[in-house]
>>> print(open('my_file27.tsv').read())   # TSV, C-alpha atoms and all ligand atoms
chain	number	residue	atom	x	y	z
A	817	MET	CA	-12.12	313.92	-111.49
A	818	GLN	CA	-9.99	310.81	-111.42
A	819	ARG	CA	-7.04	310.64	-113.80
A	820	ILE	CA	-7.35	307.52	-115.94
A	821	PRO	CA	-3.89	305.95	-116.43
A	822	LEU	CA	-2.66	306.24	-120.03
A	823	LEU	CA	-0.27	303.68	-121.46
A	824	ALA	CA	1.07	305.12	-124.69
A	825	GLY	CA	3.28	303.45	-127.27
A	826	ASN	CA	5.50	305.69	-129.37
A	827	TRP	CA	6.65	303.59	-132.30
A	828	LYS	CA	8.97	306.34	-133.60
A	829	MET	CA	10.38	305.63	-137.10
A	830	PHE	CA	10.01	301.88	-136.73
A	831	THR	CA	7.71	299.24	-138.26
A	832	THR	CA	6.78	298.64	-141.86
A	833	LEU	CA	3.11	299.05	-142.72
A	834	ALA	CA	2.54	295.31	-142.32
A	835	GLU	CA	4.40	295.25	-139.00
A	836	ALA	CA	2.38	298.21	-137.73
A	837	VAL	CA	-0.90	296.49	-138.56
A	838	ASP	CA	0.28	293.22	-136.97
A	839	LEU	CA	1.46	294.96	-133.81
A	840	ALA	CA	-1.79	296.93	-133.46
A	841	ARG	CA	-3.75	293.72	-133.98
A	842	ALA	CA	-1.70	291.82	-131.40
A	843	ILE	CA	-2.46	294.54	-128.85
A	844	ALA	CA	-6.11	295.02	-129.79
A	845	ASP	CA	-6.75	291.27	-129.68
A	846	HIS	CA	-6.09	291.18	-125.93
A	847	PRO	CA	-8.77	292.19	-123.48
A	848	LEU	CA	-7.62	295.46	-121.96
A	849	PRO	CA	-8.32	296.45	-118.35
A	850	ALA	CA	-11.29	298.84	-118.22
A	851	ASP	CA	-9.65	301.17	-115.70
A	852	ARG	CA	-6.97	302.45	-118.06
A	853	GLN	CA	-6.50	303.89	-121.53
A	854	VAL	CA	-4.14	302.68	-124.25
A	855	MET	CA	-2.75	304.78	-127.09
A	856	LEU	CA	-0.61	303.86	-130.09
A	857	ALA	CA	1.48	306.30	-132.14
A	858	PRO	CA	2.63	304.68	-135.38
A	859	SER	CA	4.52	306.54	-138.10
A	860	ALA	CA	2.29	308.78	-140.23
A	861	PRO	CA	2.00	306.48	-143.29
A	862	ALA	CA	0.63	303.71	-141.04
A	863	LEU	CA	-1.97	305.84	-139.23
A	864	HIS	CA	-4.89	305.06	-141.49
A	865	ALA	CA	-4.26	301.32	-141.61
A	866	VAL	CA	-3.80	301.15	-137.83
A	867	ALA	CA	-7.00	303.19	-137.38
A	868	GLU	CA	-8.85	300.44	-139.24
A	869	VAL	CA	-7.46	297.83	-136.86
A	870	LEU	CA	-8.42	299.94	-133.84
A	871	ARG	CA	-11.94	300.65	-135.09
A	872	ASP	CA	-14.48	299.36	-132.52
A	873	THR	CA	-11.82	299.25	-129.79
A	874	ASP	CA	-11.14	301.77	-127.02
A	875	ILE	CA	-7.51	302.17	-128.07
A	876	ALA	CA	-6.62	305.72	-129.05
A	877	LEU	CA	-4.53	306.57	-132.10
A	878	ALA	CA	-1.91	309.32	-132.02
A	879	ALA	CA	0.38	311.07	-134.45
A	880	GLN	CA	4.02	311.62	-133.52
A	881	ASN	CA	3.91	315.29	-134.50
A	882	VAL	CA	1.44	317.80	-135.90
A	883	CYS	CA	1.51	321.07	-137.82
A	884	TRP	CA	-0.55	324.07	-136.71
A	885	GLU	CA	-2.12	325.05	-140.04
A	886	ASP	CA	-5.03	323.20	-141.63
A	887	LYS	CA	-3.43	323.39	-145.06
A	888	GLY	CA	-0.83	325.34	-147.00
A	889	ALA	CA	2.71	325.40	-148.30
A	890	PHE	CA	4.36	323.48	-145.45
A	891	THR	CA	6.34	320.77	-147.25
A	892	GLY	CA	6.86	317.71	-145.11
A	893	GLU	CA	4.29	318.66	-142.48
A	894	ILE	CA	0.93	317.07	-141.68
A	895	SER	CA	-2.05	319.18	-140.65
A	896	PRO	CA	-4.32	318.43	-137.70
A	897	LEU	CA	-7.24	317.96	-140.11
A	898	MET	CA	-5.30	315.39	-142.13
A	899	LEU	CA	-4.42	313.53	-138.94
A	900	LYS	CA	-8.04	313.53	-137.84
A	901	GLU	CA	-9.08	312.24	-141.24
A	902	ALA	CA	-6.54	309.42	-140.83
A	903	GLY	CA	-8.14	308.54	-137.48
A	904	ALA	CA	-5.82	310.17	-134.93
A	905	THR	CA	-7.30	311.83	-131.87
A	906	MET	CA	-4.04	312.62	-130.09
A	907	ALA	CA	-0.62	313.94	-131.13
A	908	ILE	CA	2.80	313.92	-129.48
A	909	VAL	CA	4.48	317.35	-129.56
A	910	GLY	CA	7.95	318.42	-128.48
A	911	HIS	CA	9.47	314.96	-128.20
A	912	SER	CA	13.15	315.33	-127.28
A	913	GLU	CA	14.15	313.73	-130.59
A	914	ARG	CA	12.27	316.54	-132.38
A	915	ARG	CA	13.92	319.11	-130.13
A	916	GLN	CA	17.45	317.66	-130.39
A	917	ILE	CA	17.70	316.25	-133.92
A	918	PHE	CA	15.34	318.66	-135.68
A	919	ALA	CA	16.03	321.75	-133.56
A	920	GLU	CA	12.39	322.29	-132.60
A	921	THR	CA	12.13	325.19	-130.18
A	922	ASP	CA	9.65	325.75	-127.36
A	923	GLU	CA	8.03	328.39	-129.56
A	924	LEU	CA	7.48	325.91	-132.38
A	925	VAL	CA	6.24	323.28	-129.92
A	926	ASN	CA	3.75	325.86	-128.62
A	927	LYS	CA	2.44	326.46	-132.16
A	928	ARG	CA	2.05	322.73	-132.77
A	929	LEU	CA	0.29	322.23	-129.43
A	930	THR	CA	-2.06	325.16	-130.04
A	931	GLY	CA	-2.90	323.90	-133.54
A	932	ALA	CA	-3.70	320.46	-132.18
A	933	LEU	CA	-5.93	321.84	-129.43
A	934	GLN	CA	-7.81	324.06	-131.85
A	935	ALA	CA	-8.53	321.05	-134.06
A	936	GLY	CA	-9.73	318.99	-131.10
A	937	ILE	CA	-6.66	316.75	-131.06
A	938	THR	CA	-5.28	316.04	-127.57
A	939	PRO	CA	-1.63	317.07	-127.48
A	940	ILE	CA	0.92	315.14	-125.45
A	941	LEU	CA	3.52	317.74	-124.56
A	942	CYS	CA	6.92	316.13	-123.96
A	943	ILE	CA	9.38	317.86	-121.67
A	944	GLY	CA	12.57	316.70	-119.99
A	945	GLU	CA	16.05	317.64	-118.92
A	946	THR	CA	19.35	316.50	-120.44
A	947	LEU	CA	21.98	314.78	-118.33
A	948	THR	CA	24.03	318.00	-118.28
A	949	GLU	CA	21.03	319.92	-116.94
A	950	ARG	CA	20.36	317.29	-114.26
A	951	GLU	CA	24.00	317.27	-113.17
A	952	ALA	CA	24.02	321.07	-113.06
A	953	GLY	CA	21.00	320.99	-110.74
A	954	SER	CA	18.78	322.80	-113.25
A	955	THR	CA	16.22	320.03	-113.88
A	956	MET	CA	13.27	321.89	-112.38
A	957	THR	CA	14.15	325.16	-114.16
A	958	THR	CA	14.26	323.32	-117.48
A	959	LEU	CA	10.91	321.64	-116.84
A	960	GLU	CA	9.29	324.89	-115.75
A	961	ASN	CA	10.58	326.77	-118.82
A	962	GLN	CA	9.44	324.04	-121.21
A	963	LEU	CA	5.99	323.98	-119.60
A	964	ARG	CA	5.54	327.76	-119.50
A	965	GLN	CA	6.76	328.28	-123.06
A	966	GLY	CA	5.10	325.19	-124.51
A	967	LEU	CA	1.79	326.23	-122.93
A	968	ALA	CA	2.03	329.98	-123.58
A	969	HIS	CA	-1.38	331.54	-124.38
A	970	VAL	CA	-3.11	328.17	-123.94
A	971	ASN	CA	-6.50	328.12	-122.25
A	972	LEU	CA	-8.02	324.88	-121.15
A	973	ILE	CA	-11.60	324.29	-120.14
A	974	ARG	CA	-10.83	320.84	-118.78
A	975	GLY	CA	-7.53	319.26	-117.80
A	976	ASP	CA	-8.17	316.18	-119.91
A	977	GLU	CA	-7.69	318.26	-123.07
A	978	LEU	CA	-3.93	318.04	-122.47
A	979	VAL	CA	-1.42	315.34	-121.53
A	980	VAL	CA	2.13	316.09	-120.37
A	981	ALA	CA	4.96	313.57	-120.65
A	982	TYR	CA	8.02	313.94	-118.45
A	983	GLU	CA	10.82	312.25	-120.34
A	984	PRO	CA	14.32	312.80	-118.98
A	985	VAL	CA	16.48	312.86	-122.10
A	986	TRP	CA	19.17	310.75	-120.41
A	987	ALA	CA	16.62	307.96	-119.85
A	988	ILE	CA	15.27	307.70	-123.40
A	989	GLY	CA	16.41	304.59	-125.23
A	990	THR	CA	19.34	304.21	-122.83
A	991	GLY	CA	18.03	301.52	-120.52
A	992	LYS	CA	18.46	304.02	-117.67
A	993	THR	CA	15.18	304.81	-115.96
A	994	ALA	CA	14.55	307.61	-113.52
A	995	SER	CA	13.92	306.09	-110.10
A	996	ALA	CA	10.31	306.17	-108.98
A	997	ALA	CA	11.29	308.87	-106.47
A	998	GLN	CA	12.98	310.98	-109.18
A	999	ALA	CA	9.92	310.62	-111.38
A	1000	GLN	CA	7.54	311.58	-108.56
A	1001	GLU	CA	9.65	314.62	-107.66
A	1002	ALA	CA	9.55	315.86	-111.26
A	1003	HIS	CA	5.86	315.05	-111.75
A	1004	GLY	CA	4.84	316.72	-108.50
A	1005	PHE	CA	6.81	319.79	-109.49
A	1006	CYS	CA	5.25	319.84	-112.99
A	1007	ARG	CA	1.78	319.65	-111.45
A	1008	SER	CA	2.52	322.64	-109.24
A	1009	VAL	CA	3.68	324.62	-112.31
A	1010	LEU	CA	0.52	323.54	-114.17
A	1011	ALA	CA	-1.55	324.75	-111.22
A	1012	ASP	CA	0.15	328.11	-111.53
A	1013	ILE	CA	-0.33	328.28	-115.32
A	1014	PHE	CA	-3.98	327.15	-115.24
A	1015	ASP	CA	-5.49	326.52	-111.85
A	1016	LYS	CA	-5.35	323.81	-109.23
A	1017	ALA	CA	-8.48	321.98	-110.39
A	1018	ILE	CA	-7.28	321.79	-114.00
A	1019	ALA	CA	-3.78	320.74	-112.92
A	1020	GLN	CA	-5.35	317.89	-110.95
A	1021	GLN	CA	-7.03	316.65	-114.14
A	1022	ILE	CA	-3.98	316.78	-116.42
A	1023	ARG	CA	-2.33	313.42	-116.87
A	1024	ILE	CA	1.44	313.45	-116.51
A	1025	LEU	CA	3.11	310.43	-118.11
A	1026	TYR	CA	6.61	309.22	-117.41
A	1027	GLY	CA	8.78	308.22	-120.37
A	1028	GLY	CA	12.31	306.86	-120.61
A	1029	SER	CA	13.14	303.14	-120.73
A	1030	VAL	CA	9.83	302.03	-119.23
A	1031	ASN	CA	9.62	298.23	-119.32
A	1032	PRO	CA	7.55	295.44	-117.74
A	1033	ALA	CA	9.99	295.23	-114.80
A	1034	ASN	CA	9.85	298.89	-113.74
A	1035	VAL	CA	6.32	299.95	-114.70
A	1036	ASP	CA	4.60	298.86	-111.46
A	1037	GLU	CA	6.94	300.87	-109.27
A	1038	LEU	CA	6.65	303.98	-111.45
A	1039	MET	CA	2.86	303.75	-111.69
A	1040	ALA	CA	2.60	303.46	-107.90
A	1041	GLU	CA	3.72	307.09	-107.54
A	1042	ALA	CA	0.90	309.55	-106.85
A	1043	ASP	CA	1.62	311.91	-109.75
A	1044	VAL	CA	2.65	309.33	-112.36
A	1045	ASP	CA	-0.48	308.93	-114.47
A	1046	GLY	CA	0.85	306.71	-117.22
A	1047	ALA	CA	3.81	305.92	-119.42
A	1048	LEU	CA	5.07	306.98	-122.83
A	1049	VAL	CA	6.92	303.93	-124.04
A	1050	GLY	CA	9.34	303.65	-126.95
A	1051	GLY	CA	11.42	300.47	-127.30
A	1052	ALA	CA	9.21	298.25	-125.15
A	1053	ALA	CA	6.10	299.33	-127.12
A	1054	LEU	CA	7.43	297.75	-130.32
A	1055	LYS	CA	6.63	294.21	-129.23
A	1056	ALA	CA	3.29	292.97	-127.91
A	1057	GLU	CA	5.10	290.72	-125.43
A	1058	THR	CA	6.67	293.73	-123.72
A	1059	PHE	CA	3.89	296.30	-124.23
A	1060	LEU	CA	1.01	294.10	-122.99
A	1061	PRO	CA	2.56	293.59	-119.53
A	1062	ILE	CA	3.06	297.38	-119.34
A	1063	ILE	CA	-0.61	297.93	-120.18
A	1064	ASN	CA	-1.45	295.36	-117.50
A	1065	PHE	CA	0.72	296.98	-114.82
A	1066	LYS	CA	-0.28	296.03	-111.31
A	1067	THR	CA	-1.86	298.57	-109.02
A	1068	GLN	CA	-0.78	298.32	-105.38
B	1101	LIG	P1	12.14	304.53	-124.66
B	1101	LIG	O1	11.53	305.82	-125.42
B	1101	LIG	O2	11.01	303.87	-123.93
B	1101	LIG	O3	12.71	303.67	-125.76
B	1101	LIG	O4	13.20	305.03	-123.72
B	1101	LIG	C1	10.58	306.64	-124.79
B	1101	LIG	C2	10.22	307.79	-125.69
B	1101	LIG	O5	11.08	308.30	-126.41
B	1101	LIG	O6	9.05	308.23	-125.70
>>> encode(input="my_file27.tsv", output="structure tokens")
Amino acid sequence: MQRIPLLAGNWKMFTTLAEAVDLARAIADHPLPADRQVMLAPSAPALHAVAEVLRDTDIALAAQNVCWEDKGAFTGEISPLMLKEAGATMAIVGHSERRQIFAETDELVNKRLTGALQAGITPILCIGETLTEREAGSTMTTLENQLRQGLAHVNLIRGDELVVAYEPVWAIGTGKTASAAQAQEAHGFCRSVLADIFDKAIAQQIRILYGGSVNPANVDELMAEADVDGALVGGAALKAETFLPIINFKTQ
């Protein structure tokens, strides 16, 4: 099975409701290449309105986080069923901002991911090393631990039920991008760990996105790498003029 490139915009805690609708419209109004998939992750209060804009398009809608329970006393959380009702089919889990600012552990990320899968929401599991870990030479150990713990007790029937995003923490919002070779090294390693966790065929189907200061100038080079199957884009996804060229990256 061929891995369809996924260009995903993570809008984080940006955009008013009106701005979210306008941005979604500006993206949806452009003809999108048929050989790739686009996903938008607005803040939770904008999900429903953005879903209306994306109705009758092929653009997927994602939440930026997800709880594991369908309902209950979980103040501040949003259940997978609520997200589905709002129109989301995918959910980011374990973003480094959740891990660093909100102290989310691999165990919690695993619960969120499992809850999403059970509800039929495709999780995008974010992993990535800090600068200290990279400088200490422990990048691959960090990635392997985050994958094994984040995916503990997870069974997949098909690899397209899951997306992984490699996002080196030092490259997020900093303007510093991993080189294409650094990205490929990490992605290739992640795929070998996924093959060990699941099996080789499933690992070949799982899309591994790169995230961290992706922009129109570096996307072509990153996407040319064999194991880079898409991009999770923050800053450059907040404007149509920078996100559209990323969606329209050139294949070599
Ligand atoms: P950035 O964010 O593109 O602004 O570096 C990426 C992300 O956090 O997903």
>>> closest_residue(input="my_file27.tsv", among="A:Trp884, A:Phe890, A:Phe1005, A:Tyr982", to="ligand LIG 1101 (chain B)", atoms="only C-alpha atoms and all ligand atoms")
A:Tyr982
>>> residues_around(input="my_file27.tsv", residues="A:Arg964", least_positions_apart="4", cutoff="9 Å", atoms="all atoms listed in the file", output="list in words")
Leu959, Glu960, Ala968, Val1009, Leu1010 and Ile1013 of chain A
>>> residues_around(input="my_file27.tsv", residues="A:Arg974", least_positions_apart="4", cutoff="12 Å", atoms="all atoms listed in the file", output="list in words")
Met817, Arg819, Leu933, Thr938, Val970, Leu978, Val979, Phe1014, Asp1015, Lys1016, Ala1017, Ile1018, Ala1019, Gln1020, Gln1021, Ile1022 and Arg1023 of chain A
>>> residues_near_ligand(input="my_file27.tsv", ligand="ligand LIG 1101 (chain B)", cutoff="7 Å", atoms="all atoms listed in the file", output="PyMOL selection string")
chain A and resi 826+983+987-991+1027-1030+1048-1052
>>> write_last_selection(input="my_file27.tsv", atoms="C-alpha atoms", output="compact mmCIF listing (two decimals), in the coordinates of the input")
# COMPACT_ATOMS: atom_id res chain seq x y z
CA ASN A 826 5.50 305.69 -129.37
CA GLU A 983 10.82 312.25 -120.34
CA ALA A 987 16.62 307.96 -119.85
CA ILE A 988 15.27 307.70 -123.40
CA GLY A 989 16.41 304.59 -125.23
CA THR A 990 19.34 304.21 -122.83
CA GLY A 991 18.03 301.52 -120.52
CA GLY A 1027 8.78 308.22 -120.37
CA GLY A 1028 12.31 306.86 -120.61
CA SER A 1029 13.14 303.14 -120.73
CA VAL A 1030 9.83 302.03 -119.23
CA LEU A 1048 5.07 306.98 -122.83
CA VAL A 1049 6.92 303.93 -124.04
CA GLY A 1050 9.34 303.65 -126.95
CA GLY A 1051 11.42 300.47 -127.30
CA ALA A 1052 9.21 298.25 -125.15
>>> closest_residue(input="my_file27.tsv", among="A:Pro821, A:Pro1061, A:Gly1046, A:Pro939", to="A:Val925", atoms="only C-alpha atoms")
A:Pro939
>>> atom_distance(input="my_file27.tsv", atom1="atom CA of A:Asn1064", atom2="atom CA of A:Leu848")
7.6 Å
>>> residues_around(input="my_file27.tsv", residues="stretch 868-877 of chain A", least_positions_apart="6", cutoff="10 Å", atoms="only C-alpha atoms", output="JSON, numbers by chain")
{"A": [822, 823, 824, 825, 836, 837, 838, 839, 840, 841, 842, 843, 844, 845, 847, 848, 850, 852, 853, 854, 855, 856, 857, 858, 899, 900, 902, 903, 904, 905, 906, 907]}
>>> residues_around(input="my_file27.tsv", residues="A:Gln916", least_positions_apart="2", cutoff="12 Å", atoms="all atoms listed in the file", output="count of residues only")
15
>>> atom_distance(input="my_file27.tsv", atom1="atom CA of A:Leu924", atom2="atom CA of A:His864")
25.9 Å
>>> atom_distance(input="my_file27.tsv", atom1="atom CA of A:Trp986", atom2="atom CA of A:Cys942")
13.8 Å
>>> residues_near_point(input="my_file27.tsv", point="(-4.6, 324.1, -142.8)", cutoff="12 Å", atoms="all atoms listed in the file", output="ChimeraX atom specification")
/A:882-890,893-899,931-932,934-935
>>> closest_residue(input="my_file27.tsv", among="A:Leu1054, A:Ala952, A:Leu947, A:Val1035", to="A:Pro984", atoms="only C-alpha atoms")
A:Leu947
>>> residues_around(input="my_file27.tsv", residues="A:Asn926", least_positions_apart="2", cutoff="7 Å", atoms="only C-alpha atoms", output="PyMOL selection string")
chain A and resi 922-924+928-930+965-968
>>> closest_residue(input="my_file27.tsv", among="A:Pro849, A:Gly936, A:Gly975, A:Pro861", to="A:Gln880", atoms="all atoms listed in the file")
A:Pro861
>>> closest_residue(input="my_file27.tsv", among="A:Asp1043, A:Ser954, A:Ala996, A:Ala1033", to="A:Ala981", atoms="all atoms listed in the file")
A:Asp1043
>>> closest_residue(input="my_file27.tsv", among="A:Thr1058, A:Ser1008, A:Gln1000, A:Gln818", to="A:Ala1042", atoms="all atoms listed in the file")
A:Gln1000
>>> axis_aligned_box(input="my_file27.tsv", around="stretch 903-917 of chain A", padding_each_side="8 Å", output="AutoDock Vina command-line options")
--center_x 4.8 --center_y 313.8 --center_z -132.4 --size_x 41.8 --size_y 26.6 --size_z 26.2
>>> build_atoms(input="my_file27.tsv", residues="stretch 872-889 of chain A", atoms="N, CA, C and O atoms", output="compact mmCIF listing (two decimals), keeping the file's coordinate frame")
# COMPACT_ATOMS: atom_id res chain seq x y z
N ASP A 872 -13.69 300.17 -133.46
CA ASP A 872 -14.48 299.36 -132.52
C ASP A 872 -13.68 298.91 -131.29
O ASP A 872 -14.09 297.97 -130.60
N THR A 873 -12.52 299.50 -131.06
CA THR A 873 -11.82 299.25 -129.79
C THR A 873 -11.76 300.58 -129.05
O THR A 873 -12.08 301.63 -129.61
N ASP A 874 -11.29 300.52 -127.79
CA ASP A 874 -11.14 301.77 -127.02
C ASP A 874 -9.72 302.32 -127.12
O ASP A 874 -9.37 303.25 -126.41
N ILE A 875 -8.91 301.73 -127.98
CA ILE A 875 -7.51 302.17 -128.07
C ILE A 875 -7.43 303.44 -128.90
O ILE A 875 -7.99 303.52 -129.99
N ALA A 876 -6.74 304.43 -128.35
CA ALA A 876 -6.62 305.72 -129.05
C ALA A 876 -5.44 305.68 -130.02
O ALA A 876 -4.46 304.97 -129.82
N LEU A 877 -5.58 306.49 -131.07
CA LEU A 877 -4.53 306.57 -132.10
C LEU A 877 -3.92 307.97 -132.05
O LEU A 877 -4.64 308.97 -131.99
N ALA A 878 -2.59 308.02 -132.09
CA ALA A 878 -1.91 309.32 -132.02
C ALA A 878 -0.91 309.48 -133.15
O ALA A 878 -0.33 308.51 -133.63
N ALA A 879 -0.70 310.74 -133.53
CA ALA A 879 0.38 311.07 -134.45
C ALA A 879 1.61 311.40 -133.62
O ALA A 879 1.51 311.72 -132.43
N GLN A 880 2.76 311.33 -134.25
CA GLN A 880 4.02 311.62 -133.52
C GLN A 880 4.39 313.09 -133.58
O GLN A 880 5.35 313.53 -132.94
N ASN A 881 3.67 313.85 -134.39
CA ASN A 881 3.91 315.29 -134.50
C ASN A 881 2.71 315.88 -135.23
O ASN A 881 1.91 315.14 -135.80
N VAL A 882 2.58 317.18 -135.23
CA VAL A 882 1.44 317.80 -135.90
C VAL A 882 1.80 319.24 -136.27
O VAL A 882 2.50 319.91 -135.53
N CYS A 883 1.32 319.68 -137.42
CA CYS A 883 1.51 321.07 -137.82
C CYS A 883 0.37 321.91 -137.24
O CYS A 883 -0.58 321.36 -136.69
N TRP A 884 0.47 323.22 -137.32
CA TRP A 884 -0.55 324.07 -136.71
C TRP A 884 -1.56 324.59 -137.72
O TRP A 884 -2.63 325.03 -137.35
N GLU A 885 -1.22 324.54 -139.00
CA GLU A 885 -2.12 325.05 -140.04
C GLU A 885 -2.96 323.90 -140.60
O GLU A 885 -2.49 322.77 -140.70
N ASP A 886 -4.16 324.22 -141.04
CA ASP A 886 -5.03 323.20 -141.63
C ASP A 886 -4.54 322.76 -143.00
O ASP A 886 -4.70 321.61 -143.40
N LYS A 887 -3.99 323.73 -143.75
CA LYS A 887 -3.43 323.39 -145.06
C LYS A 887 -2.50 324.52 -145.49
O LYS A 887 -2.51 325.60 -144.90
N GLY A 888 -1.70 324.27 -146.52
CA GLY A 888 -0.83 325.34 -147.00
C GLY A 888 0.51 324.82 -147.47
O GLY A 888 0.73 323.60 -147.56
N ALA A 889 1.38 325.75 -147.79
CA ALA A 889 2.71 325.40 -148.30
C ALA A 889 3.63 325.12 -147.11
O ALA A 889 4.34 326.00 -146.63
